[in-house]
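K.L.:
Got a structure for you, written out below as structure tokens; questions coming shortly.
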Amino acid sequence: QLQLVESGGGSVQPGGSLRLSCTTSTFTLEDYAIGWFRLAPGKEREGVSCIHSEHPRIYYADSVKGRFTISRDNAKNTVYLQMNSLKSEDVGIYYCAADRRRFTTAQNMCLMAEYGMESWGKGTLVIVSS
């Protein structure tokens, strides 16, 4: 069973930073495309950033481009989402997801999540408030 665990959420003031982590002890993340998605109250789920082995390897939603950075640490079997210059509109539950074969690019993974993922984490809450 593929199990993903997110951590690193919390409450910060606007302009602050958080680093989210996505890890697992049940499979090797390096073999999978990994995506970060968020769900905010009253909004549809949004693909924030995805990382894939095929070029172009990384996708960012326009709403986070230049502020968020996705990265892998294969030695730690972890994918990170560094979030800087956080805004109130970044509030939400952040989920990571993994899939090995369904998506051909990082952009496809982030924009076509409704087609399903092999695994979803349970989410971590991000609050941005003064």
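Labeling convention for the structure tokens: chains A, B, ... as they appear, residues from 1 per chain, ligands from 1 in order of appearance.
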List as a list in words the protein and nucleic acid residues near Tyr94 in chain A, meaning an atom at most 7 Å away when only C-alpha atoms are counted, but skip any in the same chain fewer than 2 places from it.
P.N.:
Trp36, Phe37, Arg38, Leu39, Gly92, Cys96, Gly123, Thr124 and Leu125 of chain A
K.L.:
Could you dump the residues just selected with all heavy atoms as a PDB file, in the first residue's frame?
P.N.:
```pdb
ATOM      1  N   TRP A  36       2.045  18.548  -5.396  1.00  0.00           N
ATOM      2  CA  TRP A  36       1.448  19.224  -4.244  1.00  0.00           C
ATOM      3  C   TRP A  36       0.166  19.900  -4.705  1.00  0.00           C
ATOM      4  O   TRP A  36       0.169  20.646  -5.686  1.00  0.00           O
ATOM      5  CB  TRP A  36       2.399  20.272  -3.666  1.00  0.00           C
ATOM      6  CG  TRP A  36       3.509  19.712  -2.853  1.00  0.00           C
ATOM      7  CD1 TRP A  36       4.792  19.472  -3.247  1.00  0.00           C
ATOM      8  CD2 TRP A  36       3.432  19.304  -1.487  1.00  0.00           C
ATOM      9  NE1 TRP A  36       5.525  18.943  -2.210  1.00  0.00           N
ATOM     10  CE2 TRP A  36       4.712  18.835  -1.113  1.00  0.00           C
ATOM     11  CE3 TRP A  36       2.413  19.291  -0.532  1.00  0.00           C
ATOM     12  CZ2 TRP A  36       4.992  18.361   0.172  1.00  0.00           C
ATOM     13  CZ3 TRP A  36       2.698  18.827   0.738  1.00  0.00           C
ATOM     14  CH2 TRP A  36       3.968  18.370   1.082  1.00  0.00           C
ATOM     15  N   PHE A  37      -0.902  19.649  -3.983  1.00  0.00           N
ATOM     16  CA  PHE A  37      -2.213  20.200  -4.287  1.00  0.00           C
ATOM     17  C   PHE A  37      -2.752  20.879  -3.037  1.00  0.00           C
ATOM     18  O   PHE A  37      -2.382  20.519  -1.927  1.00  0.00           O
ATOM     19  CB  PHE A  37      -3.163  19.085  -4.729  1.00  0.00           C
ATOM     20  CG  PHE A  37      -2.694  18.364  -5.967  1.00  0.00           C
ATOM     21  CD1 PHE A  37      -1.749  17.356  -5.884  1.00  0.00           C
ATOM     22  CD2 PHE A  37      -3.187  18.702  -7.211  1.00  0.00           C
ATOM     23  CE1 PHE A  37      -1.289  16.697  -7.017  1.00  0.00           C
ATOM     24  CE2 PHE A  37      -2.754  18.056  -8.354  1.00  0.00           C
ATOM     25  CZ  PHE A  37      -1.804  17.052  -8.256  1.00  0.00           C
ATOM     26  N   ARG A  38      -3.610  21.855  -3.228  1.00  0.00           N
ATOM     27  CA  ARG A  38      -4.204  22.490  -2.066  1.00  0.00           C
ATOM     28  C   ARG A  38      -5.704  22.632  -2.256  1.00  0.00           C
ATOM     29  O   ARG A  38      -6.201  22.782  -3.369  1.00  0.00           O
ATOM     30  CB  ARG A  38      -3.559  23.843  -1.783  1.00  0.00           C
ATOM     31  CG  ARG A  38      -3.824  24.934  -2.801  1.00  0.00           C
ATOM     32  CD  ARG A  38      -3.035  26.169  -2.445  1.00  0.00           C
ATOM     33  NE  ARG A  38      -3.192  27.238  -3.426  1.00  0.00           N
ATOM     34  CZ  ARG A  38      -2.447  28.327  -3.472  1.00  0.00           C
ATOM     35  NH1 ARG A  38      -1.467  28.513  -2.568  1.00  0.00           N
ATOM     36  NH2 ARG A  38      -2.656  29.249  -4.391  1.00  0.00           N
ATOM     37  N   LEU A  39      -6.368  22.597  -1.116  1.00  0.00           N
ATOM     38  CA  LEU A  39      -7.810  22.753  -1.086  1.00  0.00           C
ATOM     39  C   LEU A  39      -8.138  23.852  -0.083  1.00  0.00           C
ATOM     40  O   LEU A  39      -7.838  23.721   1.096  1.00  0.00           O
ATOM     41  CB  LEU A  39      -8.476  21.443  -0.686  1.00  0.00           C
ATOM     42  CG  LEU A  39      -9.991  21.398  -0.772  1.00  0.00           C
ATOM     43  CD1 LEU A  39     -10.464  21.648  -2.193  1.00  0.00           C
ATOM     44  CD2 LEU A  39     -10.506  20.051  -0.267  1.00  0.00           C
ATOM     45  N   GLY A  92      -4.970  26.890   3.148  1.00  0.00           N
ATOM     46  CA  GLY A  92      -5.643  25.676   2.711  1.00  0.00           C
ATOM     47  C   GLY A  92      -4.986  24.440   3.267  1.00  0.00           C
ATOM     48  O   GLY A  92      -3.989  24.513   3.992  1.00  0.00           O
ATOM     49  N   CYS A  96       0.039  15.999  -0.726  1.00  0.00           N
ATOM     50  CA  CYS A  96       0.933  15.512  -1.765  1.00  0.00           C
ATOM     51  C   CYS A  96       0.345  14.232  -2.358  1.00  0.00           C
ATOM     52  O   CYS A  96      -0.427  13.526  -1.694  1.00  0.00           O
ATOM     53  CB  CYS A  96       2.353  15.293  -1.258  1.00  0.00           C
ATOM     54  SG  CYS A  96       2.583  13.989  -0.051  1.00  0.00           S
ATOM     55  N   GLY A 123      -2.849  15.264   4.182  1.00  0.00           N
ATOM     56  CA  GLY A 123      -2.845  16.712   4.155  1.00  0.00           C
ATOM     57  C   GLY A 123      -2.227  17.360   5.376  1.00  0.00           C
ATOM     58  O   GLY A 123      -2.153  16.770   6.455  1.00  0.00           O
ATOM     59  N   THR A 124      -1.791  18.590   5.161  1.00  0.00           N
ATOM     60  CA  THR A 124      -1.277  19.419   6.246  1.00  0.00           C
ATOM     61  C   THR A 124      -1.836  20.822   6.060  1.00  0.00           C
ATOM     62  O   THR A 124      -1.896  21.333   4.937  1.00  0.00           O
ATOM     63  CB  THR A 124       0.268  19.409   6.266  1.00  0.00           C
ATOM     64  OG1 THR A 124       0.752  20.124   7.410  1.00  0.00           O
ATOM     65  CG2 THR A 124       0.859  20.020   5.006  1.00  0.00           C
ATOM     66  N   LEU A 125      -2.251  21.444   7.158  1.00  0.00           N
ATOM     67  CA  LEU A 125      -2.969  22.707   7.107  1.00  0.00           C
ATOM     68  C   LEU A 125      -2.006  23.888   7.125  1.00  0.00           C
ATOM     69  O   LEU A 125      -1.104  23.958   7.961  1.00  0.00           O
ATOM     70  CB  LEU A 125      -3.929  22.805   8.287  1.00  0.00           C
ATOM     71  CG  LEU A 125      -4.741  24.090   8.426  1.00  0.00           C
ATOM     72  CD1 LEU A 125      -5.663  24.284   7.217  1.00  0.00           C
ATOM     73  CD2 LEU A 125      -5.535  24.064   9.724  1.00  0.00           C
TER      74      LEU A 125
END
```
K.L.:
Find the residues near Ser17 in chain A: any atom within 8 Å, counting only C-alpha atoms, skip ones fewer than 4 places away on the same chain, and give them as a compact mmCIF listing (two decimals) with N, CA, C and O atoms, in the first residue's frame.
P.N.:
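Below you can see around_31.txt, which holds the result:
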```txt
# COMPACT_ATOMS: atom_id res chain seq x y z
N VAL A 12 1.34 31.18 9.86
CA VAL A 12 2.36 32.21 9.69
C VAL A 12 1.68 33.52 9.31
O VAL A 12 0.53 33.53 8.85
N GLN A 82 8.93 24.41 -0.67
CA GLN A 82 9.33 25.61 0.04
C GLN A 82 8.40 26.74 -0.37
O GLN A 82 8.29 27.05 -1.56
N MET A 83 7.74 27.34 0.62
CA MET A 83 6.76 28.38 0.33
C MET A 83 7.23 29.68 0.98
O MET A 83 7.32 29.77 2.21
N ASN A 84 7.55 30.65 0.15
CA ASN A 84 7.99 31.96 0.63
C ASN A 84 6.97 33.03 0.26
O ASN A 84 6.09 32.81 -0.57
N SER A 85 7.08 34.16 0.91
CA SER A 85 6.19 35.30 0.64
C SER A 85 4.73 34.87 0.66
O SER A 85 3.95 35.19 -0.24
N LEU A 86 4.38 34.16 1.71
CA LEU A 86 3.03 33.62 1.79
C LEU A 86 1.98 34.72 1.87
O LEU A 86 2.20 35.77 2.49
```
K.L.:
Name all residues at most 10 Å from Ser71 in chain A (count only C-alpha atoms; drop same-chain ones fewer than 6 positions away) and give them as a list in words.
P.N.:
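Answer for this query is Ser21, Ile34, Ser49, Cys50, Ile51, Ile58, Thr78, Val79, Tyr80, Leu81 and Gln82 of chain A.
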K.L.:
Print the selection's residues with N, CA and C atoms to a file, as a short mmCIF file (atom, residue, chain, number, x, y, z; two decimals), in the first residue's frame.
P.N.:
```
data_model
loop_
_atom_site.label_atom_id
_atom_site.label_comp_id
_atom_site.auth_asym_id
_atom_site.auth_seq_id
_atom_site.Cartn_x
_atom_site.Cartn_y
_atom_site.Cartn_z
N SER A 21 6.84 18.99 3.78
CA SER A 21 7.54 17.76 3.43
C SER A 21 6.54 16.68 3.09
N ILE A 34 5.54 13.40 -8.37
CA ILE A 34 4.97 13.86 -7.11
C ILE A 34 4.35 15.23 -7.31
N SER A 49 2.13 22.57 -7.44
CA SER A 49 3.42 22.29 -8.08
C SER A 49 3.59 20.79 -8.21
N CYS A 50 4.16 20.38 -9.30
CA CYS A 50 4.41 18.97 -9.56
C CYS A 50 5.81 18.79 -10.11
N ILE A 51 6.37 17.61 -9.81
CA ILE A 51 7.71 17.28 -10.29
C ILE A 51 7.68 15.91 -10.93
N ILE A 58 9.30 20.23 -13.96
CA ILE A 58 8.64 20.92 -12.86
C ILE A 58 7.57 21.87 -13.41
N THR A 78 12.17 12.12 0.27
CA THR A 78 11.27 13.22 0.63
C THR A 78 11.18 14.22 -0.52
N VAL A 79 10.00 14.76 -0.71
CA VAL A 79 9.79 15.88 -1.63
C VAL A 79 9.33 17.07 -0.80
N TYR A 80 9.95 18.22 -1.07
CA TYR A 80 9.66 19.42 -0.30
C TYR A 80 8.90 20.43 -1.15
N LEU A 81 8.15 21.28 -0.46
CA LEU A 81 7.58 22.46 -1.09
C LEU A 81 7.95 23.65 -0.21
N GLN A 82 8.93 24.41 -0.67
CA GLN A 82 9.33 25.61 0.04
C GLN A 82 8.40 26.74 -0.37
#
```
K.L.:
Extract the full set of strand (DSSP E or B) residues from chain A according to DSSP on the backbone, and format it as a PyMOL selection string.
P.N.:
chain A and resi 5-7+10-12+18-23+33-39+46-51+58-60+68-73+78-83+92-99+119-120+124-128
K.L.:
Please list as a PyMOL selection string every residue within 10 Å of Tyr60 in chain A, counting only C-alpha atoms and excluding residues in the same chain fewer than 2 positions away.
P.N.:
chain A and resi 35-36+47-51+58+62-70+106-107+110
K.L.:
Could you tell me how far CA of Ser7 in chain A sits from CA of Glu30 in chain A, in Å to one decimal place?
P.N.:
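It comes out at 18.5 Å.
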K.L.:
Taking 3 positions as the minimum chain separation for residues in the same chain, which residues sit within 9 Å of Arg101 in chain A when counting only C-alpha atoms? Answer as a list of chain:residue names.
P.N.:
A:Tyr32, A:Ala33, A:Thr104
K.L.:
Would you save the residues from that selection as a PDB file, in the first residue's frame, using N, CA, C and O atoms?
P.N.:
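Saved result, result_27.pdb, follows:
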```
ATOM      1  N   TYR A  32       8.506   8.023  -8.780  1.00  0.00           N
ATOM      2  CA  TYR A  32       7.163   8.536  -9.013  1.00  0.00           C
ATOM      3  C   TYR A  32       7.184  10.026  -9.336  1.00  0.00           C
ATOM      4  O   TYR A  32       8.056  10.770  -8.864  1.00  0.00           O
ATOM      5  N   ALA A  33       6.194  10.441 -10.108  1.00  0.00           N
ATOM      6  CA  ALA A  33       5.899  11.862 -10.196  1.00  0.00           C
ATOM      7  C   ALA A  33       5.171  12.257  -8.913  1.00  0.00           C
ATOM      8  O   ALA A  33       4.301  11.519  -8.431  1.00  0.00           O
ATOM      9  N   THR A 104       2.209  12.211 -18.266  1.00  0.00           N
ATOM     10  CA  THR A 104       3.445  12.269 -19.041  1.00  0.00           C
ATOM     11  C   THR A 104       4.313  13.466 -18.706  1.00  0.00           C
ATOM     12  O   THR A 104       5.498  13.480 -19.030  1.00  0.00           O
TER      13      THR A 104
END
```
K.L.:
When distances are computed from only C-alpha atoms, which of A:Arg57, A:Lys122, A:Arg45, A:Arg72 shows the smallest separation from Tyr95 in chain A?
P.N.:
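For Tyr95 in chain A, the nearest of the candidates is A:Lys122.
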K.L.:
Residues within 10 Å of Val128 in chain A, please, as a PDB file with N, CA, C and O atoms, in the first residue's frame. Count only C-alpha atoms; anything in the same chain fewer than 5 positions from it doesn't count.
P.N.:
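And here's selection-v3.pdb as it stands now:
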```
ATOM      1  N   GLY A  10       1.381  24.944   9.207  1.00  0.00           N
ATOM      2  CA  GLY A  10       1.303  25.745  10.425  1.00  0.00           C
ATOM      3  C   GLY A  10       0.681  27.087  10.132  1.00  0.00           C
ATOM      4  O   GLY A  10       0.092  27.297   9.061  1.00  0.00           O
ATOM      5  N   SER A  11       0.835  27.975  11.087  1.00  0.00           N
ATOM      6  CA  SER A  11       0.270  29.309  10.966  1.00  0.00           C
ATOM      7  C   SER A  11       1.392  30.340  10.882  1.00  0.00           C
ATOM      8  O   SER A  11       2.296  30.345  11.734  1.00  0.00           O
ATOM      9  N   VAL A  12       1.341  31.176   9.859  1.00  0.00           N
ATOM     10  CA  VAL A  12       2.357  32.210   9.686  1.00  0.00           C
ATOM     11  C   VAL A  12       1.680  33.515   9.307  1.00  0.00           C
ATOM     12  O   VAL A  12       0.531  33.526   8.852  1.00  0.00           O
ATOM     13  N   GLN A  13       2.422  34.596   9.467  1.00  0.00           N
ATOM     14  CA  GLN A  13       1.930  35.894   9.036  1.00  0.00           C
ATOM     15  C   GLN A  13       2.184  36.084   7.549  1.00  0.00           C
ATOM     16  O   GLN A  13       3.064  35.430   6.977  1.00  0.00           O
ATOM     17  N   PRO A  14       1.429  36.944   6.914  1.00  0.00           N
ATOM     18  CA  PRO A  14       1.697  37.244   5.500  1.00  0.00           C
ATOM     19  C   PRO A  14       3.146  37.659   5.310  1.00  0.00           C
ATOM     20  O   PRO A  14       3.706  38.405   6.124  1.00  0.00           O
ATOM     21  N   GLY A  15       3.741  37.127   4.240  1.00  0.00           N
ATOM     22  CA  GLY A  15       5.151  37.374   3.986  1.00  0.00           C
ATOM     23  C   GLY A  15       6.068  36.322   4.577  1.00  0.00           C
ATOM     24  O   GLY A  15       7.266  36.299   4.258  1.00  0.00           O
ATOM     25  N   GLY A  16       5.524  35.463   5.408  1.00  0.00           N
ATOM     26  CA  GLY A  16       6.328  34.431   6.044  1.00  0.00           C
ATOM     27  C   GLY A  16       6.580  33.242   5.130  1.00  0.00           C
ATOM     28  O   GLY A  16       6.160  33.211   3.969  1.00  0.00           O
ATOM     29  N   SER A  17       7.273  32.243   5.691  1.00  0.00           N
ATOM     30  CA  SER A  17       7.662  31.062   4.918  1.00  0.00           C
ATOM     31  C   SER A  17       7.332  29.787   5.680  1.00  0.00           C
ATOM     32  O   SER A  17       7.328  29.774   6.917  1.00  0.00           O
ATOM     33  N   LEU A  86       4.383  34.163   1.713  1.00  0.00           N
ATOM     34  CA  LEU A  86       3.031  33.618   1.786  1.00  0.00           C
ATOM     35  C   LEU A  86       1.982  34.719   1.870  1.00  0.00           C
ATOM     36  O   LEU A  86       2.200  35.774   2.487  1.00  0.00           O
ATOM     37  N   LYS A  87       0.862  34.449   1.217  1.00  0.00           N
ATOM     38  CA  LYS A  87      -0.246  35.392   1.165  1.00  0.00           C
ATOM     39  C   LYS A  87      -1.478  34.751   1.806  1.00  0.00           C
ATOM     40  O   LYS A  87      -1.551  33.530   1.941  1.00  0.00           O
ATOM     41  N   SER A  88      -2.451  35.564   2.118  1.00  0.00           N
ATOM     42  CA  SER A  88      -3.677  35.041   2.720  1.00  0.00           C
ATOM     43  C   SER A  88      -4.361  34.047   1.788  1.00  0.00           C
ATOM     44  O   SER A  88      -5.000  33.098   2.245  1.00  0.00           O
ATOM     45  N   GLU A  89      -4.211  34.250   0.500  1.00  0.00           N
ATOM     46  CA  GLU A  89      -4.849  33.329  -0.456  1.00  0.00           C
ATOM     47  C   GLU A  89      -4.149  31.981  -0.570  1.00  0.00           C
ATOM     48  O   GLU A  89      -4.624  31.095  -1.285  1.00  0.00           O
ATOM     49  N   ASP A  90      -3.035  31.810   0.127  1.00  0.00           N
ATOM     50  CA  ASP A  90      -2.343  30.514   0.148  1.00  0.00           C
ATOM     51  C   ASP A  90      -2.908  29.579   1.220  1.00  0.00           C
ATOM     52  O   ASP A  90      -2.477  28.434   1.331  1.00  0.00           O
ATOM     53  N   VAL A  91      -3.865  30.072   1.986  1.00  0.00           N
ATOM     54  CA  VAL A  91      -4.462  29.259   3.043  1.00  0.00           C
ATOM     55  C   VAL A  91      -5.117  28.016   2.446  1.00  0.00           C
ATOM     56  O   VAL A  91      -5.746  28.070   1.397  1.00  0.00           O
ATOM     57  N   GLY A  92      -4.970  26.890   3.148  1.00  0.00           N
ATOM     58  CA  GLY A  92      -5.643  25.676   2.711  1.00  0.00           C
ATOM     59  C   GLY A  92      -4.986  24.440   3.267  1.00  0.00           C
ATOM     60  O   GLY A  92      -3.989  24.513   3.992  1.00  0.00           O
TER      61      GLY A  92
END
```
K.L.:
Provide the CA of Met112 in chain A to CA of Ala40 in chain A distance in Å, to one decimal place.
P.N.:
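CA of Ala40 in chain A lies 17.9 Å from CA of Met112 in chain A.
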K.L.:
Quick check for you: according to DSSP on this backbone, which residues of chain A are classed as alpha helix (DSSP H)? Reply as a list of chain:residue names.
P.N.:
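In chain A, DSSP puts these residues in alpha helix (DSSP H): A:Ala106, A:Gln107, A:Asn108, A:Met109, A:Cys110, A:Leu111.
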K.L.:
Those selected residues, please, written with all heavy atoms and delivered as a short mmCIF file (atom, residue, chain, number, x, y, z; two decimals), in the first residue's frame.
P.N.:
```cif
data_model
loop_
_atom_site.label_atom_id
_atom_site.label_comp_id
_atom_site.auth_asym_id
_atom_site.auth_seq_id
_atom_site.Cartn_x
_atom_site.Cartn_y
_atom_site.Cartn_z
N ALA A 106 4.87 17.01 -15.72
CA ALA A 106 4.50 17.60 -14.44
C ALA A 106 3.24 18.45 -14.58
O ALA A 106 2.36 18.46 -13.72
CB ALA A 106 5.66 18.45 -13.91
N GLN A 107 3.14 19.17 -15.68
CA GLN A 107 1.96 20.02 -15.90
C GLN A 107 0.70 19.17 -15.98
O GLN A 107 -0.32 19.51 -15.38
CB GLN A 107 2.12 20.84 -17.18
CG GLN A 107 0.93 21.73 -17.47
CD GLN A 107 1.15 22.67 -18.64
OE1 GLN A 107 2.28 23.04 -18.93
NE2 GLN A 107 0.09 23.06 -19.30
N ASN A 108 0.76 18.08 -16.70
CA ASN A 108 -0.41 17.20 -16.79
C ASN A 108 -0.82 16.70 -15.42
O ASN A 108 -2.02 16.62 -15.11
CB ASN A 108 -0.11 16.02 -17.72
CG ASN A 108 -0.11 16.42 -19.18
OD1 ASN A 108 -0.54 17.51 -19.53
ND2 ASN A 108 0.39 15.55 -20.03
N MET A 109 0.13 16.34 -14.62
CA MET A 109 -0.18 15.83 -13.29
C MET A 109 -0.91 16.89 -12.47
O MET A 109 -1.91 16.62 -11.80
CB MET A 109 1.09 15.41 -12.56
CG MET A 109 0.81 14.77 -11.22
SD MET A 109 2.32 14.26 -10.38
CE MET A 109 1.64 13.24 -9.07
N CYS A 110 -0.41 18.13 -12.51
CA CYS A 110 -1.02 19.19 -11.72
C CYS A 110 -2.40 19.61 -12.24
O CYS A 110 -3.25 20.01 -11.46
CB CYS A 110 -0.09 20.40 -11.69
SG CYS A 110 1.04 20.43 -10.28
N LEU A 111 -2.59 19.54 -13.53
CA LEU A 111 -3.84 20.05 -14.11
C LEU A 111 -4.89 18.97 -14.34
O LEU A 111 -6.04 19.30 -14.63
CB LEU A 111 -3.53 20.75 -15.45
CG LEU A 111 -2.63 21.98 -15.35
CD1 LEU A 111 -2.44 22.61 -16.71
CD2 LEU A 111 -3.17 22.99 -14.35
#
```
K.L.:
Which one of A:Phe27, A:Thr105, A:Gln3, A:Lys76 sits closest to Pro56 in chain A if you count only C-alpha atoms?
P.N.:
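Selected residue with least distance to Pro56 in chain A: A:Thr105.
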K.L.:
From the options A:Thr26, A:Gly121, A:Val126, A:Leu20, which residue's atoms come nearest to Asn77 in chain A, counting only C-alpha atoms?
P.N.:
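Distance minimum relative to Asn77 in chain A lands on A:Thr26.
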K.L.:
Can you tell me how far CA of Glu6 in chain A sits from CA of Ala113 in chain A, in Å to one decimal?
P.N.:
17.8 Å
K.L.:
Which is closest to Glu54 in chain A among A:Arg100, A:Leu4, A:Leu18, A:Gly116, if we use only C-alpha atoms?
P.N.:
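For Glu54 in chain A, the nearest of the given residues is A:Arg100.
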